[in-house]
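Chemist: Would you mind keeping the following structure in view while I ask a few things?
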Amino acid sequence: MSKTRSQNVKAAKWSRNGDDNAPTDLTKDDGYPFGQNVFSTTEQAKRLSPATMEKLQATLDRGEALDTSLADEVADAMKDWALERGATHYTHVFQPLTGLTAEKHDSFFSPDGEGSAIAKFSGSELIQGEPDASSFPTGGIRATFEARGYTAWDASSPAFILENQNGALLCIPTAFASWTGEALDAKIPLLRSMDVLSNSALRALKLLGDDKSTRVFTTVGPEQEYFLIDEQYFYERPDLVTTGRTLFGAKPPKGHELDDHYFGSIPERVLACMLETELELAKLGVPVQTRHNEVAPAQYEIAPLFENSNVGSDHQQLLMQVIQNVARKYGLVCLLHEKPFAGVNGSGKHNNWSMGTDTGHNLLDPGDTPAENLSFLFFCAAVIQAVNRHQGLLRASVANIGQDHRLGANEAPPAIISMFLGAELDNVFEALAGGKAGDDKAGQTLDLGSAVLPPLPLHGGDRNRTSPFAFTGNKFEFRALGSSMSLAFPNTVLNTIAAESIDELSDSLEKKMKSGTKLADAVGEVVAETYKANKAVCFSGDNYSDEWHKEAKKRGLKNLRTTPDALPEVTAKSTVEAFEKYGVLSERELESRYEVWVEQYAIRANIEAETAESIARTMILPAALKQLALGAAAKDLTVGKQVKPLVTKLNTAIGKLAKANAYPDSLEGLKLAVHARDKQLAAMDEVRDAADALEKVVADEYWPLPKYSEMLFIK
């Protein structure tokens with residue numbers, strides 16, 4: 001058996017090497033371990049005084065300022081709970097501008113001077129930590145010699161325990177700021193934006209007659225897509241190890257053309273991995289609801305229920321970490337890159353976003369008759385205006401190097417930001433714009449033509465999977481996020497631009513009502529005016545079609561195809577004005593993020609380019625030369641004619657790539673990112689074309705990399 005075949009057989013021979021999580025009686029109160037590793041409200045109530053609980057709940061439920069005087073009691077209770085669960089250390093978990101989470105572990109135990117140790121954890125240690133901030137990207141907010149940074153306890157996101165076979169760790173979600181008080185993380189702007197939107201929405205609700213609501217929360221329900229491949233193939237691919245995606249790989253005879261993987265039966269090994277992942281997430285209080293096979297072979301999806309934007313963002317970071325950790329126990333590697341396999345469906349993270357009050361009112365639920373739901377029409381119109389006005393910023397919020405390979409491809413919307421409202425809402429808004437009442441088609445059912453099948457309630461409109469920003473019943477689905485991304489900045493943007501629009505619509509509504517216009521008529525006028533001014537962003541057709549791209553250009557919509565095209569929107573005048581007006585991010589904080597993301601793009605592109613050059617020169621070219629020698633030894637002229645031109649093409653392309661990789665030191669910032677895109681990535685494409693052609697003619701035993709047909713189909 002050849003080396004390649006034996007590797008495939010080894011990869012396919014899975015043994016039950018994960019944890020043995022035998023089914024339990026889920027009818028019992030303690031049968032399902034949801035939240036058992038979370039310092040939840042229930043757990044806090046057992047350990048804290050009623051007075052402390054009341055003050056803490058005021059922070060959690062109503063967004064009131066945290067009373068730091070309760071910190072000592074909370075810290076002591078949290079420490080005892082953690083020690084009972086075997087935790088020897090604690091960490092303040094934060095989200096720097098790397099897009100990942102960061103942590104520094106400190107022990108609870110200190111020597112008592114008598115040969116023993118005593119566990120201590122004070123309120124001051126809970127509230128504030130001090131990690132070294134000098135080595136995190138700051139985009140110029142801090143100089144490299146200025147090291148001080150602070151973590152600040154986020155009481156609204158519960159602490160949790162991470163278990164390890166050798167112990168446990170108490171994790172405390174925190175914000176991360178510089179010594180100057182500027183945000184160095186993703187959490188602070190998100191929390192600020194949530195407060196801003198709440199204030200703006202409450203003002204609007206009072207105008208609309210709601211005096212009961214005291215807080216408006218934004219919610220997220222992300223749908224995480226990912227790939228699972230055997231770890232043997234992963235470690236045999238230097239490109240996957242270094243960059244997270246395959247830089248080489250010919251299209252296999254079978255991809256996902258048959259659509260047989262989508263929602264198919266989940267392979268036993270993968271299902272076992274999923275079950276353990278979900279169990280671990282349940283312990284951590286992450287409310288996972290959905291799992292299924294995605295479109296591409298070896299691609300899957302996991303989706304939790306809706307949570308408030310801050311907790312949902314924290315849980316999403318945790319979810320990605322848990323999936324990756326558990327996969328290794330099953331001999332698998334989880335790939336979160338947006339496009340790990342060229343020509344195969346990429347991975348996104350659909351961000352389902354909505355707004356709701358503390359009284360249980362979903363502001364984006366149209367009810368049975370959306371034309372009569374004044375609140376819904378008002379807030380929906382505000383979102384339409386926000387998306388139209390800040391379409392470039394929304395595109396920039398989902399920009400990274402992986403996205404440039406995915407947007408506009410399979411299962412991903414194009415880089416043009418537009419909105420899908422659905423047939424019913426299109427009808428309602430068009431009618432209002434024309435000065436008419438909308439025709440609500442409520443209560444319709446779908447007859448399936450068989451007596452044994454029940455009639456199904458008919459939704460007001462079909463879904464549109466090609467739309468970047470689609471209304472899906474009681475929420476908007478921002479479908480353009482990448483699979484590796486944090487939710488924090490896209491939702492910070494959504495909250496901020498929605499607040500701005502809500503305030504502008506409230507100003508207009510207030511003015512009309514003061515002039516004597518009745519509430520219902522005033523709302524109708526405001527909604528109609530807003531829709532007419534911003535309807536260019538609304539599109540219900542095929543976003544992939546060439547016709548739409550031409551039409552979008554006529555409408556004045558932006559087509560920011562790559563990350564270097566999109567990122568300048570972060571510091572655009574309209575962005576700075578909105579974010580500074582609401583105190584979400586200062587111009588300096590926005591510029592810092594722009595600088596970090598531009599630099600990260602260029603660095604990642606350079607890593608990819610240098611990795612591609614190395615693999616092509618030291619692995620693929622030698623394999624091709626072996627094939628040439630094989631043909632020469634056999635005196636097979638066909639082999640020479642077939643392989644030699646490809647070898648020449650590859651060698652020439654490698655030389656071009658090497659030249660592109662030696663970029664001038666004078667380039668920096670956006671110019672360097674553009675060089676990476678136009679020179680390095682373009683040169684990589686030439687190398688790949690030649691290499692992928694060689695993969696189809698070089699002998700299997702010579703080819704140095706696992707192929708797509710192996711990685712995607714052997715489970």
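Chain labels A, B, ... are given in the sequence in which chains occur in the structure tokens; within each chain residues are numbered consecutively from 1, and ligands are likewise numbered from 1 in the order shown.
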Residues of segment 159-238 of chain A that have any atom at most 7 Å from an atom of segment 487-491 of chain A: could you tabulate them with the shortest-distance atom pair and the distance in Å to one decimal, using only C-alpha atoms, ordered by chain and increasing number, as JSON lines?

Modeler:
```
{"residue": "A:Ala186", "atom": "CA", "partner": "A:Ala488", "partner_atom": "CA", "distance": 5.7}
{"residue": "A:Lys187", "atom": "CA", "partner": "A:Ala488", "partner_atom": "CA", "distance": 6.6}
{"residue": "A:Leu190", "atom": "CA", "partner": "A:Ala488", "partner_atom": "CA", "distance": 6.0}
```

Chemist: What would the file look like if the residues just selected were written as a short mmCIF file (atom, residue, chain, number, x, y, z; two decimals), in the first residue's frame with N, CA, C and O atoms?

Modeler:
```cif
data_model
loop_
_atom_site.label_atom_id
_atom_site.label_comp_id
_atom_site.auth_asym_id
_atom_site.auth_seq_id
_atom_site.Cartn_x
_atom_site.Cartn_y
_atom_site.Cartn_z
N ALA A 186 -12.57 45.06 22.28
CA ALA A 186 -13.83 45.02 21.55
C ALA A 186 -15.03 45.20 22.45
O ALA A 186 -16.11 45.59 21.99
N LYS A 187 -14.89 44.94 23.75
CA LYS A 187 -16.03 44.96 24.67
C LYS A 187 -16.48 46.37 25.04
O LYS A 187 -17.69 46.65 25.07
N LEU A 190 -18.70 48.03 22.50
CA LEU A 190 -19.97 47.32 22.41
C LEU A 190 -20.90 47.70 23.56
O LEU A 190 -22.09 47.98 23.35
#
```

Chemist: Quote the spacing between atom CA of Val643 of chain A and atom CA of Leu621 of chain A in Å to one decimal place.

Modeler: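 Interatomic distance, atom CA of Val643 of chain A to atom CA of Leu621 of chain A: 11.1 Å.
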
Chemist: Let's see if you can do this: from backbone DSSP, list all strand (DSSP E or B) residues in segment 204-437 of chain A, as an MDAnalysis selection string.

Modeler: chainID A and resid 216:230 288:293 299:304 307:308 332:335 348:357 362 416 419:420

Chemist: Taking the DSSP secondary structure from the backbone, can you list the residues of segment 257-317 of chain A that are helix (DSSP H, G or I), as an mmCIF file with C-alpha atoms, in the first residue's frame?

Modeler:
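Result file is states_16.cif:
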```cif
data_model
loop_
_atom_site.group_PDB
_atom_site.id
_atom_site.type_symbol
_atom_site.label_atom_id
_atom_site.label_comp_id
_atom_site.auth_asym_id
_atom_site.auth_seq_id
_atom_site.Cartn_x
_atom_site.Cartn_y
_atom_site.Cartn_z
ATOM 1 C CA GLU A 268 -20.724 9.222 13.869
ATOM 2 C CA ARG A 269 -17.302 10.639 14.681
ATOM 3 C CA VAL A 270 -18.426 14.187 13.972
ATOM 4 C CA LEU A 271 -21.657 13.735 15.916
ATOM 5 C CA ALA A 272 -19.722 12.438 18.921
ATOM 6 C CA CYS A 273 -17.527 15.544 18.750
ATOM 7 C CA MET A 274 -20.581 17.785 18.441
ATOM 8 C CA LEU A 275 -22.319 16.151 21.401
ATOM 9 C CA GLU A 276 -19.324 16.679 23.674
ATOM 10 C CA THR A 277 -18.904 20.247 22.410
ATOM 11 C CA GLU A 278 -22.534 21.004 23.191
ATOM 12 C CA LEU A 279 -22.243 19.415 26.620
ATOM 13 C CA GLU A 280 -19.236 21.588 27.478
ATOM 14 C CA LEU A 281 -21.012 24.671 26.156
ATOM 15 C CA ALA A 282 -24.103 23.810 28.176
ATOM 16 C CA LYS A 283 -22.017 23.696 31.352
ATOM 17 C CA SER A 309 -25.262 41.528 22.455
ATOM 18 C CA ASN A 310 -22.533 41.635 25.101
ATOM 19 C CA VAL A 311 -23.122 38.170 26.574
ATOM 20 C CA GLY A 312 -23.742 36.743 23.117
ATOM 21 C CA SER A 313 -20.437 38.173 21.893
ATOM 22 C CA ASP A 314 -18.568 36.723 24.898
ATOM 23 C CA HIS A 315 -20.248 33.351 24.410
ATOM 24 C CA GLN A 316 -19.349 33.346 20.723
ATOM 25 C CA GLN A 317 -15.651 33.723 21.549
#
```

Chemist: So that I can see what lies close to Ala662 of chain A, please list as a list in words the residues with an atom at most 12 Å from it, counting only C-alpha atoms and leaving out residues fewer than 2 positions away in the same chain.

Modeler: Asn606, Ala609, Glu610, Glu613, Gly655, Lys656, Leu657, Ala658, Lys659, Ala660, Pro664, Asp665, Ser666, Leu667, Leu672, His675, Ala676, Lys679 and Gln680 of chain A

Chemist: Write out as a list in words each polymer residue whose atoms come within 6 Å of segment 205-221 of chain A, counting only C-alpha atoms; drop sequence neighbours fewer than 3 positions from it.

Modeler: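 Listed by chain and then number, they are Ser198, Leu202, Leu305, Phe306, Glu307, Asn308, Ser309, Asn352, Trp353, Ser354, Met355, Gly356, Thr357, Asp358 and Thr359 of chain A.
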
Chemist: When distances are computed from only C-alpha atoms, which of A:Val493, A:Glu529, A:Ser156, A:Gly422 shows the smallest separation from Glu569 of chain A?

Modeler: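 Closest to Glu569 of chain A, using only C-alpha atoms: A:Val493.
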
Chemist: What lies within 9 Å of Gly583 of chain A using only C-alpha atoms, ignoring chain neighbours under 6 positions off, as an NGL selection string?

Modeler: :A and (189 or 192-193 or 196)

Chemist: Could you please determine the separation between atom CA of Gly348 of chain A and atom CA of Leu318 of chain A in Å, to one decimal place?

Modeler: 16.9 Å
